Structures are given as C-alpha cells and as structure tokens.
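Just query32.pdb here, PDB, C-alpha atoms:
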```pdb
MODEL        1
ATOM      1  CA  MET A   1      78.296  97.267  93.336
ATOM      2  CA  LYS A   2      77.743 101.034  93.315
ATOM      3  CA  CYS A   3      80.285 103.777  93.853
ATOM      4  CA  GLN A   4      80.492 104.985  97.470
ATOM      5  CA  LYS A   5      80.500 108.633  96.373
ATOM      6  CA  CYS A   6      77.896 108.552  93.581
ATOM      7  CA  GLU A   7      75.406 106.095  92.093
ATOM      8  CA  LYS A   8      77.511 104.896  89.138
ATOM      9  CA  PRO A   9      78.795 101.300  88.982
ATOM     10  CA  ALA A  10      82.031 100.861  90.934
ATOM     11  CA  THR A  11      84.884  99.518  88.808
ATOM     12  CA  PHE A  12      87.734 100.356  91.215
ATOM     13  CA  HIS A  13      87.960  98.457  94.495
ATOM     14  CA  ILE A  14      90.713  99.853  96.689
ATOM     15  CA  THR A  15      91.957  98.487  99.978
ATOM     16  CA  ASP A  16      94.306 100.948 101.643
ATOM     17  CA  LEU A  17      96.266 100.358 104.842
ATOM     18  CA  THR A  18      95.982 103.432 107.018
ATOM     19  CA  GLY A  19      98.378 104.371 109.784
ATOM     20  CA  ASP A  20      95.725 104.887 112.431
ATOM     21  CA  ASP A  21      93.847 102.391 114.599
ATOM     22  CA  SER A  22      91.113 101.732 112.008
ATOM     23  CA  GLY A  23      93.504  99.536 109.984
ATOM     24  CA  LEU A  24      91.969  99.084 106.527
ATOM     25  CA  LEU A  25      90.211 101.574 104.308
ATOM     26  CA  GLU A  26      88.067  99.927 101.644
ATOM     27  CA  LEU A  27      86.820 102.069  98.782
ATOM     28  CA  HIS A  28      84.551 101.155  95.889
ATOM     29  CA  LEU A  29      84.672 103.907  93.272
ATOM     30  CA  CYS A  30      83.615 104.662  89.701
ATOM     31  CA  PRO A  31      86.317 105.900  87.262
ATOM     32  CA  ASP A  32      85.397 109.574  87.809
ATOM     33  CA  CYS A  33      85.532 109.328  91.599
ATOM     34  CA  ALA A  34      88.768 107.298  91.347
ATOM     35  CA  LYS A  35      90.342 110.171  89.391
ATOM     36  CA  GLN A  36      89.173 112.564  92.060
ATOM     37  CA  TYR A  37      90.618 110.259  94.731
ATOM     38  CA  LEU A  38      94.007 110.543  93.024
ATOM     39  CA  ARG A  39      94.048 114.274  93.535
ATOM     40  CA  THR A  40      95.046 115.743  96.878
ATOM     41  CA  GLU A  41      92.397 115.598  99.519
ATOM     42  CA  ASN A  42      92.572 117.993 102.492
ATOM     43  CA  GLY A  43      96.023 119.089 101.371
ATOM     44  CA  GLU A  44      97.525 115.579 101.711
ATOM     45  CA  GLN A  45      98.947 113.639  98.807
ATOM     46  CA  GLU A  46      97.590 110.099  98.469
ATOM     47  CA  SER A  47      99.907 107.124  98.558
ATOM     48  CA  PRO A  48     102.092 107.097  95.406
ATOM     49  CA  GLN A  49     101.663 103.330  95.017
ATOM     50  CA  ILE A  50      97.883 103.533  95.000
ATOM     51  CA  SER A  51      97.851 106.557  92.716
ATOM     52  CA  GLY A  52     100.219 104.768  90.305
ATOM     53  CA  VAL A  53      97.998 101.704  90.146
ATOM     54  CA  LEU A  54      94.874 103.811  89.682
ATOM     55  CA  SER A  55      96.508 105.916  86.978
ATOM     56  CA  LYS A  56      97.554 102.789  85.099
ATOM     57  CA  GLN A  57      94.030 101.348  85.339
ATOM     58  CA  LEU A  58      92.473 104.603  84.122
ATOM     59  CA  LYS A  59      94.845 104.600  81.137
ATOM     60  CA  LEU A  60      93.812 101.017  80.366
ATOM     61  CA  GLU A  61      90.154 102.065  80.378
ATOM     62  CA  GLN A  62      90.956 104.913  77.974
ATOM     63  CA  THR A  63      92.801 102.460  75.733
ATOM     64  CA  ALA A  64      89.778 100.134  75.788
ATOM     65  CA  GLU A  65      87.508 103.030  74.775
ATOM     66  CA  ASP A  66      89.875 103.939  71.921
ATOM     67  CA  LEU A  67      89.947 100.309  70.760
ATOM     68  CA  LYS A  68      86.145 100.146  70.822
ATOM     69  CA  ALA A  69      85.939 103.278  68.651
ATOM     70  CA  LEU A  70      88.522 101.809  66.261
ATOM     71  CA  ASP A  71      86.724  98.440  66.118
ATOM     72  CA  ASP A  72      83.532 100.195  65.000
ATOM     73  CA  ARG A  73      85.192 101.858  61.980
ATOM     74  CA  GLU A  74      84.243 100.242  58.646
ATOM     75  CA  CYS A  75      85.819 100.498  55.211
ATOM     76  CA  PRO A  76      83.434 102.369  52.896
ATOM     77  CA  ILE A  77      84.388 100.132  49.955
ATOM     78  CA  CYS A  78      84.183  96.567  51.275
ATOM     79  CA  GLY A  79      82.444  97.161  54.616
ATOM     80  CA  ILE A  80      84.931  95.245  56.775
ATOM     81  CA  SER A  81      85.321  96.597  60.304
ATOM     82  CA  PHE A  82      88.612  96.763  62.130
ATOM     83  CA  TYR A  83      87.167  94.267  64.631
ATOM     84  CA  GLU A  84      86.548  91.764  61.807
ATOM     85  CA  PHE A  85      90.119  92.287  60.629
ATOM     86  CA  ARG A  86      91.456  91.649  64.134
ATOM     87  CA  GLN A  87      89.409  88.441  64.400
ATOM     88  CA  ALA A  88      90.138  87.020  60.927
ATOM     89  CA  GLY A  89      93.580  88.519  60.318
ATOM     90  CA  ARG A  90      92.571  89.431  56.747
ATOM     91  CA  LEU A  91      91.544  92.688  55.156
ATOM     92  CA  GLY A  92      88.634  92.956  52.737
ATOM     93  CA  CYS A  93      90.081  95.073  49.916
ATOM     94  CA  PRO A  94      93.206  97.025  48.895
ATOM     95  CA  HIS A  95      91.557 100.256  50.064
ATOM     96  CA  ASP A  96      91.723  98.946  53.660
ATOM     97  CA  TYR A  97      95.461  99.603  53.668
ATOM     98  CA  VAL A  98      94.673 103.276  53.103
ATOM     99  CA  PHE A  99      91.598 103.457  55.341
ATOM    100  CA  PHE A 100      93.222 101.672  58.311
ATOM    101  CA  GLY A 101      96.749 102.802  57.362
ATOM    102  CA  GLU A 102      97.602 104.558  60.607
ATOM    103  CA  GLU A 103      96.630 101.517  62.688
ATOM    104  CA  LEU A 104      98.173  98.956  60.315
ATOM    105  CA  GLU A 105     101.587 100.566  59.863
ATOM    106  CA  PRO A 106     103.037  99.548  63.272
ATOM    107  CA  LEU A 107     101.658  96.024  62.763
ATOM    108  CA  LEU A 108     103.204  95.712  59.286
ATOM    109  CA  ILE A 109     106.568  97.006  60.475
ATOM    110  CA  ASN A 110     106.494  94.560  63.385
ATOM    111  CA  VAL A 111     105.610  91.577  61.193
ATOM    112  CA  HIS A 112     107.514  92.330  57.968
ATOM    113  CA  GLY A 113     110.134  94.866  59.004
ATOM    114  CA  GLU A 114     108.817  97.214  56.276
ATOM    115  CA  SER A 115     105.647  99.162  55.635
ATOM    116  CA  ALA A 116     105.935  99.084  51.818
ATOM    117  CA  HIS A 117     105.783  96.074  49.494
ATOM    118  CA  VAL A 118     109.186  95.285  47.968
ATOM    119  CA  GLY A 119     108.491  91.866  46.443
ATOM    120  CA  LYS A 120     107.201  90.542  43.130
ATOM    121  CA  GLN A 121     104.046  91.756  41.388
ATOM    122  CA  PRO A 122     101.587  89.497  39.537
ATOM    123  CA  LYS A 123     102.171  89.391  35.767
ATOM    124  CA  ARG A 124      98.478  89.075  34.904
ATOM    125  CA  GLY A 125      95.346  90.687  36.215
ATOM    126  CA  VAL A 126      94.596  94.143  37.519
ATOM    127  CA  CYS A 127      97.792  95.810  38.706
ATOM    128  CA  ASP A 128      96.680  99.152  40.100
ATOM    129  CA  THR A 129      94.852  99.324  43.389
ATOM    130  CA  GLU A 130      92.306 101.852  42.099
ATOM    131  CA  SER A 131      91.007  99.333  39.557
ATOM    132  CA  GLN A 132      90.946  96.579  42.173
ATOM    133  CA  THR A 133      89.026  98.820  44.551
ATOM    134  CA  GLU A 134      86.573  99.753  41.790
ATOM    135  CA  LEU A 135      86.047  96.056  40.949
ATOM    136  CA  ILE A 136      85.314  95.214  44.580
ATOM    137  CA  ARG A 137      82.864  98.112  44.846
ATOM    138  CA  LEU A 138      81.132  97.120  41.601
ATOM    139  CA  ARG A 139      80.855  93.450  42.594
ATOM    140  CA  ARG A 140      79.283  94.489  45.872
ATOM    141  CA  ALA A 141      76.847  96.810  44.053
ATOM    142  CA  MET A 142      75.976  94.020  41.602
ATOM    143  CA  LYS A 143      75.249  91.636  44.467
ATOM    144  CA  GLU A 144      72.945  94.223  46.067
ATOM    145  CA  ALA A 145      71.182  94.842  42.735
ATOM    146  CA  VAL A 146      70.544  91.101  42.322
ATOM    147  CA  GLN A 147      69.201  90.876  45.890
ATOM    148  CA  GLN A 148      66.815  93.732  45.107
ATOM    149  CA  GLU A 149      65.916  91.991  41.848
ATOM    150  CA  ASP A 150      67.052  94.992  39.788
ATOM    151  CA  TYR A 151      68.462  92.861  36.980
ATOM    152  CA  GLU A 152      68.906  95.732  34.501
ATOM    153  CA  GLN A 153      71.174  97.522  36.965
ATOM    154  CA  ALA A 154      73.024  94.256  37.700
ATOM    155  CA  LYS A 155      73.587  93.736  33.949
ATOM    156  CA  GLU A 156      75.058  97.236  33.558
ATOM    157  CA  ILE A 157      77.354  96.675  36.512
ATOM    158  CA  ARG A 158      78.427  93.271  35.157
ATOM    159  CA  ASP A 159      79.324  94.875  31.823
ATOM    160  CA  ARG A 160      81.361  97.572  33.585
ATOM    161  CA  ILE A 161      83.211  94.867  35.546
ATOM    162  CA  ARG A 162      84.076  93.070  32.301
ATOM    163  CA  GLU A 163      85.364  96.326  30.776
ATOM    164  CA  ILE A 164      87.684  96.951  33.729
ATOM    165  CA  GLU A 165      88.932  93.358  33.693
ATOM    166  CA  GLN A 166      89.664  93.543  29.937
ATOM    167  CA  GLU A 167      91.506  96.850  30.374
ATOM    168  CA  GLY A 168      93.693  95.169  32.990
ATOM    169  CA  GLN A 169      94.494  92.219  30.683
ATOM    170  CA  SER A 170      95.254  94.406  27.673
ATOM    171  CA  SER A 171      97.745  96.546  29.643
ATOM    172  CA  ASP A 172      99.966  93.490  30.329
TER     173      ASP A 172
ENDMDL
END
```
Whole structure, structure tokens version:
Amino acid sequence: MKCQKCEKPATFHITDLTGDDSGLLELHLCPDCAKQYLRTENGEQESPQISGVLSKQLKLEQTAEDLKALDDRECPICGISFYEFRQAGRLGCPHDYVFFGEELEPLLINVHGESAHVGKQPKRGVCDTESQTELIRLRRAMKEAVQQEDYEQAKEIRDRIREIEQEGQSSD
C-alpha cells in the first residue's frame, strides 16, 4: 500500500476516531509523512495517544536501522560480523572484544556482572591477546595463500606461526 500523501510505501496505518459526523479517519502514511502528521496541523495539536504511539514506532524504526548498521560491521582480523555473533553467540577472535567493545560491554555486565575477566588464566599457550590476534590473522592469511596456490608464501607464514607459538611456550 502506498502513502496517501506521497508515493512511498505506507508503513503506518492509523485509524483515528474524530468528533464530527464522519466517524473514522483512516490514514496510511510513510515514516516521513507520519512524522509530519505528529506536528501541529492548522494550529491544532494531534491526539496525544496517537502521537505517542507514532513516536514510539518511529523510534523502533530508528533502532532497527542502527541494528542493521551494527550487524554489517565486521572484525578486520577474523572477519566475523556482529550479526554472526548474535546468531552463534560466539566471537571469532580476542580482537572482537576490542572491536565490538562498546556493544558487548552492556551484554557482559548483564551476563557476568563484570566487564573484566577476574578468573584463572591458562598456564600454557599464548597468554597475551596481541599474540593470539596475530596467530589468527596469520592462520587466515596462510589459508588464503594455500587457496591461491602460493605455497612459498604459505610456508613463510607457517614458519612465522611456529615462531610465535614457540615464543609463547618459552615464556611460561
């Protein structure tokens, strides 16, 4: 259905009871025309109930647009999108905590009561997140090199991965 004031698709369908003999006023409006409908028309303020409902719906649409923009963001290290995280409930690499930090903090506080890790640390393996992030990036690059059949590059990357892993074991 199209908006009654313009040619955009109507997403707001309003039925308003008027005080005169006509009874019902049915409106089919797009978001822009619905905003305009909220404003005073001919010096009269629209019904506060209708304007409240419309305002709430317009805020929901803005929230949906914000969520869509957030879902499209991808970690430059592992390539996971926020949408994939929301679906799977798992992040792709330690860098995701930094990249999606602003969005994850309220979730972490809600789930764990804290936004910082206060538990045990592994005794073996890579301890710092920079090395873990570098390993993830290198493994991804090695996989791409193998897919492109650039085996010399893949060998160099493999050797660099081994160096980082040995540095992590020797620091224990």
*Which residues, written as number ranges by chain, have at least one atom at most 8 Å from region 74-90 of chain A, with only C-alpha atoms counted and residues fewer than 2 positions away on the same chain left out?*
A: 70-72, 92-93, 95-96, 99-100, 133, 136-137, 140
Would you mind exporting the chosen residues as an mmCIF file, in the frame of the given file, restricted to C-alpha atoms?
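Just written: selection_6.cif:
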```
data_model
loop_
_atom_site.group_PDB
_atom_site.id
_atom_site.type_symbol
_atom_site.label_atom_id
_atom_site.label_comp_id
_atom_site.auth_asym_id
_atom_site.auth_seq_id
_atom_site.Cartn_x
_atom_site.Cartn_y
_atom_site.Cartn_z
ATOM 1 C CA LEU A 70 88.522 101.809 66.261
ATOM 2 C CA ASP A 71 86.724 98.440 66.118
ATOM 3 C CA ASP A 72 83.532 100.195 65.000
ATOM 4 C CA GLY A 92 88.634 92.956 52.737
ATOM 5 C CA CYS A 93 90.081 95.073 49.916
ATOM 6 C CA HIS A 95 91.557 100.256 50.064
ATOM 7 C CA ASP A 96 91.723 98.946 53.660
ATOM 8 C CA PHE A 99 91.598 103.457 55.341
ATOM 9 C CA PHE A 100 93.222 101.672 58.311
ATOM 10 C CA THR A 133 89.026 98.820 44.551
ATOM 11 C CA ILE A 136 85.314 95.214 44.580
ATOM 12 C CA ARG A 137 82.864 98.112 44.846
ATOM 13 C CA ARG A 140 79.283 94.489 45.872
#
```
*Could you please determine the separation between CA of Ala10 (chain A) and CA of Pro31 (chain A) in Å, to one decimal place?*
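These atoms are spaced 7.6 Å apart.
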_Point-to-point distance in Å for CA of Asp32 (chain A) and CA of Asp66 (chain A)_ = 17.4 Å
*Determine the residue membership of the PyMOL selection byres ((chain A and resi 131) around 10) for the file above and supply it as a list in words.*
Pro94, Val126, Cys127, Asp128, Thr129, Glu130, Gln132, Thr133, Glu134, Leu135, Ile136, Arg137, Ile161, Ile164, Glu165, Glu167 and Gly168 of chain A
_I'd like the interatomic distance between CA of Gln147 (chain A) and CA of Tyr97 (chain A), to a tenth of an Å._
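Between these atoms lies a distance of 28.7 Å.
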_For the PyMOL selection byres ((chain A and resi 26) around 6), applied here, can you spell out every residue it catches as a list in words?_
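When the PyMOL selection byres ((chain A and resi 26) around 6) is applied, the selected residues are Ile14, Thr15, Leu25 and Leu27 of chain A.
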*Which residue gives the smallest distance to Lys35 (chain A) among A:Gln153, A:Ser115, A:Thr11, A:Asn110, with only C-alpha atoms counted?*
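Checking each candidate against Lys35 (chain A), we get A:Thr11 as the closest.
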As lines of an AutoDock Vina configuration file, please: the centre and edge lengths in Å, to one decimal, of an axis-aligned box enclosing every listed atom of region 65-74 of chain A with 5 Å added on each side.
```
center_x = 86.7
center_y = 101.2
center_z = 66.7
size_x = 16.4
size_y = 15.5
size_z = 26.1
```
Where atoms are absent from region 70-97 of chain A, fill them in so it carries N, CA and C atoms, then output it as a PDB file, keeping the file's coordinate frame.
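File produced: rebuild-v7.pdb:
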```pdb
ATOM      1  N   LEU A  70      87.815 102.306  67.445  1.00  0.00           N
ATOM      2  CA  LEU A  70      88.522 101.809  66.261  1.00  0.00           C
ATOM      3  C   LEU A  70      87.826 100.573  65.698  1.00  0.00           C
ATOM      4  N   ASP A  71      87.400  99.660  66.570  1.00  0.00           N
ATOM      5  CA  ASP A  71      86.724  98.440  66.118  1.00  0.00           C
ATOM      6  C   ASP A  71      85.439  98.745  65.353  1.00  0.00           C
ATOM      7  N   ASP A  72      84.794  99.855  65.650  1.00  0.00           N
ATOM      8  CA  ASP A  72      83.532 100.195  65.000  1.00  0.00           C
ATOM      9  C   ASP A  72      83.725 100.823  63.619  1.00  0.00           C
ATOM     10  N   ARG A  73      84.938 101.252  63.292  1.00  0.00           N
ATOM     11  CA  ARG A  73      85.192 101.858  61.980  1.00  0.00           C
ATOM     12  C   ARG A  73      85.072 100.794  60.881  1.00  0.00           C
ATOM     13  N   GLU A  74      84.424 101.164  59.769  1.00  0.00           N
ATOM     14  CA  GLU A  74      84.243 100.242  58.646  1.00  0.00           C
ATOM     15  C   GLU A  74      84.752 100.873  57.358  1.00  0.00           C
ATOM     16  N   CYS A  75      85.355 100.052  56.527  1.00  0.00           N
ATOM     17  CA  CYS A  75      85.819 100.498  55.211  1.00  0.00           C
ATOM     18  C   CYS A  75      84.600 100.846  54.360  1.00  0.00           C
ATOM     19  N   PRO A  76      84.592 102.012  53.716  1.00  0.00           N
ATOM     20  CA  PRO A  76      83.434 102.369  52.896  1.00  0.00           C
ATOM     21  C   PRO A  76      83.332 101.560  51.599  1.00  0.00           C
ATOM     22  N   ILE A  77      84.406 100.904  51.198  1.00  0.00           N
ATOM     23  CA  ILE A  77      84.388 100.132  49.955  1.00  0.00           C
ATOM     24  C   ILE A  77      83.874  98.711  50.192  1.00  0.00           C
ATOM     25  N   CYS A  78      84.543  97.981  51.081  1.00  0.00           N
ATOM     26  CA  CYS A  78      84.183  96.567  51.275  1.00  0.00           C
ATOM     27  C   CYS A  78      83.334  96.328  52.521  1.00  0.00           C
ATOM     28  N   GLY A  79      83.291  97.288  53.436  1.00  0.00           N
ATOM     29  CA  GLY A  79      82.444  97.161  54.616  1.00  0.00           C
ATOM     30  C   GLY A  79      83.045  96.393  55.771  1.00  0.00           C
ATOM     31  N   ILE A  80      84.325  95.990  55.675  1.00  0.00           N
ATOM     32  CA  ILE A  80      84.931  95.245  56.775  1.00  0.00           C
ATOM     33  C   ILE A  80      85.253  96.205  57.924  1.00  0.00           C
ATOM     34  N   SER A  81      84.983  95.779  59.140  1.00  0.00           N
ATOM     35  CA  SER A  81      85.321  96.597  60.304  1.00  0.00           C
ATOM     36  C   SER A  81      86.702  96.193  60.810  1.00  0.00           C
ATOM     37  N   PHE A  82      87.299  97.068  61.588  1.00  0.00           N
ATOM     38  CA  PHE A  82      88.612  96.763  62.130  1.00  0.00           C
ATOM     39  C   PHE A  82      88.515  95.564  63.080  1.00  0.00           C
ATOM     40  N   TYR A  83      87.376  95.421  63.756  1.00  0.00           N
ATOM     41  CA  TYR A  83      87.167  94.267  64.631  1.00  0.00           C
ATOM     42  C   TYR A  83      87.199  92.970  63.821  1.00  0.00           C
ATOM     43  N   GLU A  84      86.535  92.961  62.663  1.00  0.00           N
ATOM     44  CA  GLU A  84      86.548  91.764  61.807  1.00  0.00           C
ATOM     45  C   GLU A  84      87.960  91.454  61.332  1.00  0.00           C
ATOM     46  N   PHE A  85      88.727  92.494  61.022  1.00  0.00           N
ATOM     47  CA  PHE A  85      90.119  92.287  60.629  1.00  0.00           C
ATOM     48  C   PHE A  85      90.913  91.672  61.773  1.00  0.00           C
ATOM     49  N   ARG A  86      90.717  92.186  62.986  1.00  0.00           N
ATOM     50  CA  ARG A  86      91.456  91.649  64.134  1.00  0.00           C
ATOM     51  C   ARG A  86      91.087  90.187  64.397  1.00  0.00           C
ATOM     52  N   GLN A  87      89.841  89.815  64.165  1.00  0.00           N
ATOM     53  CA  GLN A  87      89.409  88.441  64.400  1.00  0.00           C
ATOM     54  C   GLN A  87      89.916  87.493  63.311  1.00  0.00           C
ATOM     55  N   ALA A  88      89.790  87.900  62.045  1.00  0.00           N
ATOM     56  CA  ALA A  88      90.138  87.020  60.927  1.00  0.00           C
ATOM     57  C   ALA A  88      91.601  87.141  60.508  1.00  0.00           C
ATOM     58  N   GLY A  89      92.200  88.303  60.739  1.00  0.00           N
ATOM     59  CA  GLY A  89      93.580  88.519  60.318  1.00  0.00           C
ATOM     60  C   GLY A  89      93.700  88.826  58.838  1.00  0.00           C
ATOM     61  N   ARG A  90      92.577  89.129  58.182  1.00  0.00           N
ATOM     62  CA  ARG A  90      92.571  89.431  56.747  1.00  0.00           C
ATOM     63  C   ARG A  90      91.769  90.693  56.505  1.00  0.00           C
ATOM     64  N   LEU A  91      92.261  91.491  55.561  1.00  0.00           N
ATOM     65  CA  LEU A  91      91.544  92.688  55.156  1.00  0.00           C
ATOM     66  C   LEU A  91      90.591  92.350  54.022  1.00  0.00           C
ATOM     67  N   GLY A  92      89.641  93.242  53.746  1.00  0.00           N
ATOM     68  CA  GLY A  92      88.634  92.956  52.737  1.00  0.00           C
ATOM     69  C   GLY A  92      88.978  93.436  51.348  1.00  0.00           C
ATOM     70  N   CYS A  93      89.753  94.529  51.231  1.00  0.00           N
ATOM     71  CA  CYS A  93      90.081  95.073  49.916  1.00  0.00           C
ATOM     72  C   CYS A  93      91.372  95.887  50.009  1.00  0.00           C
ATOM     73  N   PRO A  94      91.968  96.241  48.863  1.00  0.00           N
ATOM     74  CA  PRO A  94      93.206  97.025  48.895  1.00  0.00           C
ATOM     75  C   PRO A  94      93.030  98.402  49.536  1.00  0.00           C
ATOM     76  N   HIS A  95      91.814  98.941  49.475  1.00  0.00           N
ATOM     77  CA  HIS A  95      91.557 100.256  50.064  1.00  0.00           C
ATOM     78  C   HIS A  95      91.715 100.222  51.593  1.00  0.00           C
ATOM     79  N   ASP A  96      91.582  99.065  52.207  1.00  0.00           N
ATOM     80  CA  ASP A  96      91.723  98.946  53.660  1.00  0.00           C
ATOM     81  C   ASP A  96      93.099  99.385  54.131  1.00  0.00           C
ATOM     82  N   TYR A  97      94.113  99.179  53.294  1.00  0.00           N
ATOM     83  CA  TYR A  97      95.461  99.603  53.668  1.00  0.00           C
ATOM     84  C   TYR A  97      95.535 101.125  53.791  1.00  0.00           C
TER      85      TYR A  97
END
```
